[in-house]
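Student: Before I ask anything, let me first share the structure, which is written out below as structure tokens.
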There are 2 protein chains.
Amino acid sequence: MNQLAQYQREYEAARAKNLKLDMSRGKPGADQLALSDELLDARWVTPSKAENGFDCRNYGILDGIPEAKRLFGELMDVPPEQVAVCGNASLTLMYDYIAQCMLHGAGGGAPWAKQGNVRFLCPVPGYDRHFSILEHFGIEMVRVPMLAHGPDMDLVEEYAQDESVKGLICVPKYSNPEGKTYSEAVVRRFAELKPAAQDFRVIWDNAYLVHDLYETTDPLLNIFDAAQACGTEDHFIEVTSFSKVTFPGGGVAAVAASPANIAEIRARMFVQTIGPDKLNMLRHARYFKDAAGVRQHMQQHAQILRPKFEAVLELLERELSGIASWTAPRGGYFISLDLPAGCAKRTAQLCKEAGVVLTPAGATFPGGRDPEDRNLRIAPTFPPIEELRAATQLLCLCAKIAAAEKE
Amino acid sequence: MNQLAQYQREYEAARAKNLKLDMSRGKPGADQLALSDELLDARWVTPSKAENGFDCRNYGILDGIPEAKRLFGELMDVPPEQVAVCGNASLTLMYDYIAQCMLHGAGGGAPWAKQGNVRFLCPVPGYDRHFSILEHFGIEMVRVPMLAHGPDMDLVEEYAQDESVKGLICVPKYSNPEGKTYSEAVVRRFAELKPAAQDFRVIWDNAYLVHDLYETTDPLLNIFDAAQACGTEDHFIEVTSFSKVTFPGGGVAAVAASPANIAEIRARMFVQTIGPDKLNMLRHARYFKDAAGVRQHMQQHAQILRPKFEAVLELLERELSGIASWTAPRGGYFISLDLPAGCAKRTAQLCKEAGVVLTPAGATFPGGRDPEDRNLRIAPTFPPIEELRAATQLLCLCAKIAAAEKE
């Protein structure tokens with residue numbers, strides 16, 4: 001108890017500082033946003049004709065101007081014809097695609113809403129916004145643990161034998177929250193999946209495809225290349241966006257899919273919209289020019305983010321070694337912290353009472369229920385580095401208190 | 001037959017000119033787009049903080065920045081709390097709302113997709129994109145003829161007694177394609193409707209609320225004021241956008257609804273998006289400042305459009321008096337032309353063969369089927385005025401041929 005009492009004295013001292021720090025969401029910091037300020041200049045959209053001569057100020061062009069389709073095609077390494085560029089957020093593209101499956105089915109199958117119980121596999125820990133979408137549509141979530149190099153594929157293969165399992169939703173590169181990248185073997189097993197459901201769809205949320213922290217990237221096998229070899233390309237819907245490249249909300253999003261799936265998506269979009277914001281596409285396409293331009297821009301983000309991630313990892317190492325475990329991602333937006341069982345909620349609560357807001361404990365699991373109450377998602381990007389250090393320091397202290405209370 | 005032979009000679013002469021003219025869609029012309037070019041200047045989004053201090057370059061603010069909500073609130077004459085500003089197109093807002101009703105119901109009712117046959121009333125002639133949405137969701141369309149001051153409300157009241165009738169979709173001001181504005185009496189009868197369905201919803205597509213051609217506007221009674229007096233405000237979902245104010249696709253859209261309906265819309269949006277493109281909202285809100293700023297801007301549009309509408313009307317008057325009838329709208333984007341029965345398709349075909357593209361005959365009716373094959377929608381906005389005159393001249397000639405062929 002002596003040790004706990006010591007921690008508690010430290011905690012009271014910290015609390016007296018009336019901190020107000022936010023490590024809850026994966027938001028870029030103000031310095032990152034400033035990297036793209038030049039994008040707002042009128043010159044990127046003047047003159048306003050796309051390379052095919054289409055005036056981006058007017059109606060039309062359902063699924064994106066050619067230069068934007070080419071740019072996203074290059075980034076995702078798929079032919080531009082298999083890309084639809086639309087809207088500002090990949091979250092909306094995923095929502096809209098699943099809504100489409102619910103009401104109109106996938107690949108000619110019956111609407112999911114008419115197929116009784118529909119289930120989705122969810123690698124855990126995972127992204128709370130994915131779970132919200134599935135919950136919203138009444139899709140039952142089946143947990144699949146994340147292993148070192150991706151989801152437990154033995155389990156995925158087993159569950160996929162059940163026809164009510166309609167798909168899986170995941171972040172294959174720099175996963176949210178662990179920052180893991182699926183290995184080549186894992187991606188190949190995805191491609192080789194032979195699900196019972198003919199309308200099985202994997203939502204491949206490639207949110208962090210260019211979000212490296214270091215000079216070398218974690219290689220991710222192109223899912224469409226792997227799938228084509230197995231004749232399973234219809235199983236995969238890939239999305240990404242520029243939300244964390246330029247401006248969240250002010251960016252552009254894209255979906256890539258097999259020709260058959262893109263045709264279904266386009267057919268829905270044809271009813272849903274007359275056309276996207278082509279001026280914002282033109283702005284981005286001209287500003288970046290090509291994938292190399294995007295990658296160069298992302299190096300500036302990395303320069304800002306790397307010290308933040310390393311500051312958190314250094315403090316975790318110093319304060320929580322032997323008590324907790326965590327990931328040391330080479331990209332993405334999060335660090336995943338695993339505390340002793342039963343300590344996550346208590347730690348988050350202690351943090352909150354001392355003025356540090358974390359992503360709610362449990363948020364990384366479907367329904368917000370972490371069965372072991374262990375996992376916390378740390379989002380190091382938004383606070384300035386000094387605030388981040390102070391917040392992490394307090395987090396470590398709270399974790400030690402929670403762990404000591406359990407002893 | 002002499003007269004017909006004369007027309008045919010004229011037609012062959014016109015065809016020899018190899019015209020290539022498009023009067024098919026309600027698109028602004030290049031001169032109209034240029035009116036808003038200044039909007040693309042960086043100064044409107046610099047600095048990028050909304051009036052509540054929120055940085056529009058980052059995530060957040062689900063349903064619009066305060067200045068955008070206030071601007072649309074002022075335009076639609078509803079409190080800003082009852083407005084959600086989101087996305088670039090009112091078409092998408094309507095699609096998304098009906099999708100929401102299909103999967104999650106309206107006002108606590110069962111999902112429409114689980115209620116068996118669902119029907120919607122469609123004033124005809126009407127907007128083909130409305131019909132496409134209803135068709136896409138498998139909603140049966142019931143035609144209601146437009147009378148002089150709005151839909152036949154006797155019929156609307158009668159049909160609304162059927163519980164399977166879930167709503168109505170319409171353009172109450174400068175209707176598409178007739179350019180009619182619903183009278184005060186019609187709006188009051190909408191407000192007073194006592195439908196059998198508890199989850200009855202009227203999609204009030206106020207696309208042309210500031211799109212006057214003349215100095216005085218066609219007054220439209222505020223539907224929410226009228227409905228509030230009857231306790232029926234939950235029946236109405238109003239949408240509008242800046243597509244034909246600034247840039248189609250590059251504008252901002254908004255939905256207004258009762259507090260209960262806005263709460264349901266927000267709950268869905270919370271799952272569908274982290275936030276809209278707030279930079280584009282900021283751009284528009286600062287550029288216009290207030291509703292008066294929008295109206296002033298629209299006067300410049302009117303100066304461009306008025307001569308175009310008048311040129312078409314003059315030619316119709318000169319060429320088709322006694323053969324056809326048409327509307328002379330004081331706003332909106334279209335002129336509706338009624339030919340002798342059985343002449344619309346033939347006229348459009350003759351036009352096409354001579355290089356003039358019209359909105360397909362029948363498009364103004366559900367399923368593209370005009371029971372009398374009479375109605376054509378003329379869209380005078382896009383072509384330069386000389387081309388518009390040439391196209392209308394040809395249209396009149398084709399109509400005269402089609403009519404003479406019937407004799």
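Identifiers in the structure tokens: chain A, B, ... in order shown; residue index from 1 per chain; ligand index from 1 in order shown.
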Residues near stretch 124-139 of chain B, anyone? I mean within 10 Å using only C-alpha atoms, not counting same-chain ones fewer than 6 positions away, as a ChimeraX atom specification.
Tutor: /A:103-104,267-268,270-274 /B:91-92,94-96,98-99,102,112-113,116-118,145-147,151-152,165-166,169-171,175-178,203,205,336,359-360,362-368,370,375-377
Student: Stretch 212-224 of chain A: which residues within 9 Å, counting only C-alpha atoms, same-chain residues fewer than 4 positions away excluded, as a CSV table (one decimal) with N, CA and C atoms, in the first residue's frame?
Tutor:
```csv
chain,number,residue,atom,x,y,z
A,76,MET,N,-3.6,3.7,-54.5
A,76,MET,CA,-4.1,2.3,-54.1
A,76,MET,C,-3.6,1.2,-55.0
A,77,ASP,N,-2.9,1.6,-56.1
A,77,ASP,CA,-2.3,0.7,-57.0
A,77,ASP,C,-3.4,-0.2,-57.7
A,78,VAL,N,-4.5,0.5,-58.2
A,78,VAL,CA,-5.5,-0.1,-59.0
A,78,VAL,C,-5.8,0.7,-60.2
A,172,PRO,N,-6.1,-2.5,-42.7
A,172,PRO,CA,-5.1,-3.5,-43.0
A,172,PRO,C,-3.7,-2.9,-42.8
A,173,LYS,N,-3.5,-1.6,-42.9
A,173,LYS,CA,-2.2,-0.9,-42.8
A,173,LYS,C,-2.2,0.0,-41.6
A,174,TYR,N,-1.2,-0.1,-40.7
A,174,TYR,CA,-1.2,0.7,-39.5
A,174,TYR,C,-2.6,0.7,-38.8
A,180,LYS,N,-0.7,-2.0,-36.5
A,180,LYS,CA,-0.1,-3.2,-37.2
A,180,LYS,C,-0.4,-3.2,-38.7
A,181,THR,N,0.5,-3.7,-39.5
A,181,THR,CA,0.2,-3.9,-40.9
A,181,THR,C,0.1,-5.4,-41.2
A,182,TYR,N,-0.9,-5.8,-41.9
A,182,TYR,CA,-1.2,-7.2,-42.2
A,182,TYR,C,0.0,-7.7,-43.1
A,183,SER,N,0.5,-8.9,-42.7
A,183,SER,CA,1.6,-9.5,-43.4
A,183,SER,C,1.1,-10.0,-44.8
A,184,GLU,N,2.1,-10.3,-45.6
A,184,GLU,CA,1.8,-10.9,-46.9
A,184,GLU,C,1.0,-12.2,-46.8
A,187,VAL,N,-2.7,-11.3,-45.9
A,187,VAL,CA,-3.4,-10.8,-47.1
A,187,VAL,C,-3.7,-11.9,-48.0
A,188,ARG,N,-2.8,-12.8,-48.2
A,188,ARG,CA,-3.0,-13.9,-49.2
A,188,ARG,C,-4.2,-14.8,-48.6
A,190,PHE,N,-6.6,-13.7,-46.9
A,190,PHE,CA,-7.9,-13.0,-47.2
A,190,PHE,C,-8.3,-13.3,-48.6
A,191,ALA,N,-7.3,-13.2,-49.5
A,191,ALA,CA,-7.6,-13.4,-50.9
A,191,ALA,C,-8.1,-14.8,-51.2
A,204,TRP,N,-12.1,-2.9,-46.7
A,204,TRP,CA,-10.6,-2.8,-46.5
A,204,TRP,C,-10.3,-1.3,-46.4
A,208,TYR,N,-4.7,4.6,-43.7
A,208,TYR,CA,-3.3,5.1,-43.5
A,208,TYR,C,-2.3,4.6,-44.5
A,228,GLN,N,-7.2,-11.2,-57.3
A,228,GLN,CA,-7.4,-11.5,-58.8
A,228,GLN,C,-6.9,-12.9,-59.1
A,229,ALA,N,-5.7,-13.2,-58.5
A,229,ALA,CA,-5.1,-14.6,-58.7
A,229,ALA,C,-6.0,-15.7,-58.2
A,232,THR,N,-11.3,-13.8,-56.5
A,232,THR,CA,-12.1,-13.3,-55.4
A,232,THR,C,-12.2,-11.8,-55.3
A,233,GLU,N,-11.8,-11.1,-56.4
A,233,GLU,CA,-11.8,-9.6,-56.2
A,233,GLU,C,-13.1,-9.0,-55.9
A,236,PHE,N,-13.8,-7.6,-52.1
A,236,PHE,CA,-13.1,-6.5,-51.4
A,236,PHE,C,-13.5,-5.2,-51.9
A,238,GLU,N,-12.2,-1.4,-51.1
A,238,GLU,CA,-11.2,-0.6,-50.4
A,238,GLU,C,-11.6,0.8,-50.4
A,257,ALA,N,-12.7,-0.9,-56.2
A,257,ALA,CA,-13.4,-2.2,-56.1
A,257,ALA,C,-13.3,-2.9,-57.5
A,258,SER,N,-13.7,-4.1,-57.5
A,258,SER,CA,-13.7,-4.9,-58.8
A,258,SER,C,-14.7,-4.2,-59.8
A,298,MET,N,3.5,13.9,-47.2
A,298,MET,CA,3.3,13.1,-45.9
A,298,MET,C,4.6,13.0,-45.1
A,299,GLN,N,5.7,13.2,-45.8
A,299,GLN,CA,7.0,13.2,-45.0
A,299,GLN,C,7.0,14.4,-44.0
A,301,HIS,N,4.3,15.6,-42.6
A,301,HIS,CA,3.5,15.1,-41.5
A,301,HIS,C,4.3,14.3,-40.5
A,302,ALA,N,5.1,13.4,-41.1
A,302,ALA,CA,5.9,12.4,-40.3
A,302,ALA,C,6.9,13.2,-39.4
A,303,GLN,N,7.4,14.2,-40.0
A,303,GLN,CA,8.4,15.0,-39.1
A,303,GLN,C,7.8,15.6,-37.9
A,305,LEU,N,4.9,14.2,-36.5
A,305,LEU,CA,4.3,13.2,-35.7
A,305,LEU,C,5.3,12.3,-35.0
A,306,ARG,N,6.4,12.0,-35.7
A,306,ARG,CA,7.4,11.1,-35.2
A,306,ARG,C,7.8,11.4,-33.7
A,309,PHE,N,5.0,10.5,-31.3
A,309,PHE,CA,4.9,9.1,-31.0
A,309,PHE,C,6.0,8.6,-30.1
A,329,PRO,N,4.0,1.6,-33.3
A,329,PRO,CA,3.6,1.6,-34.7
A,329,PRO,C,4.6,2.4,-35.5
A,330,ARG,N,4.8,2.0,-36.8
A,330,ARG,CA,5.6,2.8,-37.7
A,330,ARG,C,4.8,3.7,-38.6
A,331,GLY,N,3.5,3.9,-38.3
A,331,GLY,CA,2.6,4.7,-39.0
A,331,GLY,C,1.3,4.7,-38.4
A,332,GLY,N,0.4,5.5,-39.1
A,332,GLY,CA,-1.0,5.6,-38.5
A,332,GLY,C,-1.2,6.7,-37.5
```
Student: So how far away is atom CA of B:Leu397 from atom CA of B:Leu4, in Å?
Tutor: 10.2 Å
Student: Considering only C-alpha atoms, return as a short mmCIF file (atom, residue, chain, number, x, y, z; two decimals) with all heavy atoms, in the first residue's frame whatever protein or nucleic-acid residues lie within 9 Å of B:Ala42, sequence-local ones (same chain, fewer than 4 positions apart) excluded.
Tutor:
```
data_model
loop_
_atom_site.label_atom_id
_atom_site.label_comp_id
_atom_site.auth_asym_id
_atom_site.auth_seq_id
_atom_site.Cartn_x
_atom_site.Cartn_y
_atom_site.Cartn_z
N GLU A 38 -1.64 26.09 -48.31
CA GLU A 38 -1.45 26.55 -49.69
C GLU A 38 -2.52 25.98 -50.64
O GLU A 38 -2.81 26.56 -51.68
CB GLU A 38 -0.08 26.08 -50.14
CG GLU A 38 0.59 26.97 -51.15
CD GLU A 38 1.81 26.25 -51.74
OE1 GLU A 38 2.52 25.54 -50.99
OE2 GLU A 38 2.02 26.39 -52.96
N LEU A 39 -3.06 24.83 -50.24
CA LEU A 39 -4.11 24.18 -51.05
C LEU A 39 -5.32 25.08 -51.24
O LEU A 39 -6.06 24.93 -52.22
CB LEU A 39 -4.52 22.89 -50.33
CG LEU A 39 -5.61 22.02 -50.93
CD1 LEU A 39 -5.10 21.35 -52.19
CD2 LEU A 39 -6.05 20.95 -49.93
N LEU A 40 -5.52 26.02 -50.32
CA LEU A 40 -6.71 26.87 -50.37
C LEU A 40 -6.58 28.00 -51.38
O LEU A 40 -7.53 28.74 -51.60
CB LEU A 40 -7.00 27.42 -48.97
CG LEU A 40 -7.26 26.34 -47.91
CD1 LEU A 40 -7.37 26.94 -46.53
CD2 LEU A 40 -8.52 25.55 -48.27
N ASP A 41 -5.42 28.11 -51.98
CA ASP A 41 -5.21 29.17 -52.95
C ASP A 41 -6.04 28.95 -54.23
O ASP A 41 -6.20 27.82 -54.70
CB ASP A 41 -3.72 29.23 -53.31
CG ASP A 41 -3.36 30.57 -53.92
OD1 ASP A 41 -3.57 30.74 -55.14
OD2 ASP A 41 -2.90 31.45 -53.16
N ALA A 42 -6.56 30.04 -54.77
CA ALA A 42 -7.43 29.96 -55.95
C ALA A 42 -6.71 29.38 -57.17
O ALA A 42 -7.35 28.85 -58.08
CB ALA A 42 -8.00 31.33 -56.28
N THR B 46 -9.58 32.19 -44.81
CA THR B 46 -8.40 32.58 -44.04
C THR B 46 -8.72 33.79 -43.18
O THR B 46 -9.12 34.80 -43.74
CB THR B 46 -7.24 32.95 -45.00
OG1 THR B 46 -7.16 32.00 -46.05
CG2 THR B 46 -5.93 33.03 -44.25
N ARG B 283 -16.42 29.36 -46.58
CA ARG B 283 -16.27 30.09 -47.84
C ARG B 283 -17.61 30.73 -48.23
O ARG B 283 -17.70 31.93 -48.50
CB ARG B 283 -15.85 29.06 -48.88
CG ARG B 283 -15.26 29.56 -50.14
CD ARG B 283 -14.82 28.35 -50.99
NE ARG B 283 -13.47 27.89 -50.70
CZ ARG B 283 -13.12 26.61 -50.54
NH1 ARG B 283 -14.02 25.65 -50.64
NH2 ARG B 283 -11.88 26.30 -50.29
#
```
Student: Please measure the separation of atom CA of B:Gly355 and atom CA of B:Ala16, giving the value in Å to one decimal.
Tutor: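 If I compute the distance from atom CA of B:Gly355 to atom CA of B:Ala16, I get 9.9 Å.
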Student: To test your reading of the structure, identify every residue in stretch 161-193 of chain B that backbone DSSP assigns to strand (DSSP E or B), and report it as a PyMOL selection string.
Tutor: chain B and resi 165-170
Student: Run DSSP on the backbone and give me the residues of stretch 144-389 of chain A it puts in alpha helix (DSSP H), as number ranges by chain.
Tutor: A: 153-159, 184-192, 223-230, 259-272, 278-288, 291-320, 344-353, 385-389
Student: May I ask for the distance between atom CA of A:Asp31 and atom CA of A:Ile304, given in Å to one decimal place?
Tutor: 7.7 Å
Student: Fewer than 3 positions away in the same chain doesn't count, so skip those; otherwise give me all residues within 7 Å of B:Val239, counting only C-alpha atoms, as an NGL selection string.
Tutor: :B and (90 or 204-206 or 254-256)
Student: Can you tell me, as a list in words, what residues are no more than 7 Å from A:Cys343 when counting only C-alpha atoms, ignoring any on the same chain fewer than 4 positions away?
Tutor: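 In the requested format, the answer is Leu339, Thr347, Asp373, Arg374, Ala402 and Ala403 of chain A.
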Student: Which residues, written as a short mmCIF file (atom, residue, chain, number, x, y, z; two decimals) with C-alpha atoms, in the first residue's frame, have at least one atom at most 9 Å from A:Glu12, with only C-alpha atoms counted and residues fewer than 5 positions away on the same chain left out?
Tutor:
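Okay, out01.cif is ready:
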```cif
data_model
loop_
_atom_site.label_atom_id
_atom_site.label_comp_id
_atom_site.auth_asym_id
_atom_site.auth_seq_id
_atom_site.Cartn_x
_atom_site.Cartn_y
_atom_site.Cartn_z
CA TYR A 7 1.15 7.30 -6.45
CA LYS A 17 -2.71 21.62 -11.75
CA ALA A 354 -7.47 14.93 -13.49
#
```
Student: Go through A:Gln32, A:Thr327, A:Asn88, A:Gln393 one by one, measure the shortest atom-to-atom distance of each to chain B using only C-alpha atoms, and give the residue with the smallest value.
Tutor: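 Checking each candidate against chain B, we get A:Asn88 as the closest.
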Student: Restricting the calculation to only C-alpha atoms: of B:Lys345, B:Lys27, B:Arg286, B:Arg119, which residue gets closest to B:Phe200?
Tutor: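 Using only C-alpha atoms, B:Phe200 sits closest to B:Arg119.
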Student: Have a look at A:Glu405, A:Pro383, A:Cys351, A:Lys49 and name the one nearest to A:Arg15; count only C-alpha atoms.
Tutor: A:Cys351
Student: Counting only C-alpha atoms, which of B:Gln8, B:Asn2, B:Thr246, B:Gln115 gets nearest to chain A?
Tutor: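 Among the listed residues, B:Thr246 lies closest to chain A.
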Student: Between A:Asp199, A:Glu317, A:Glu74, A:Asp338, which is the closest to A:Pro111 once you count only C-alpha atoms?
Tutor: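 Of all the options, A:Asp199 lies closest to A:Pro111.
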Student: Which residue is closest to chain A? Choose from B:Ile61, B:Leu33, B:Met153, B:Ala196 and count only C-alpha atoms.
Tutor: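 For chain A, the nearest of the given residues is B:Leu33.
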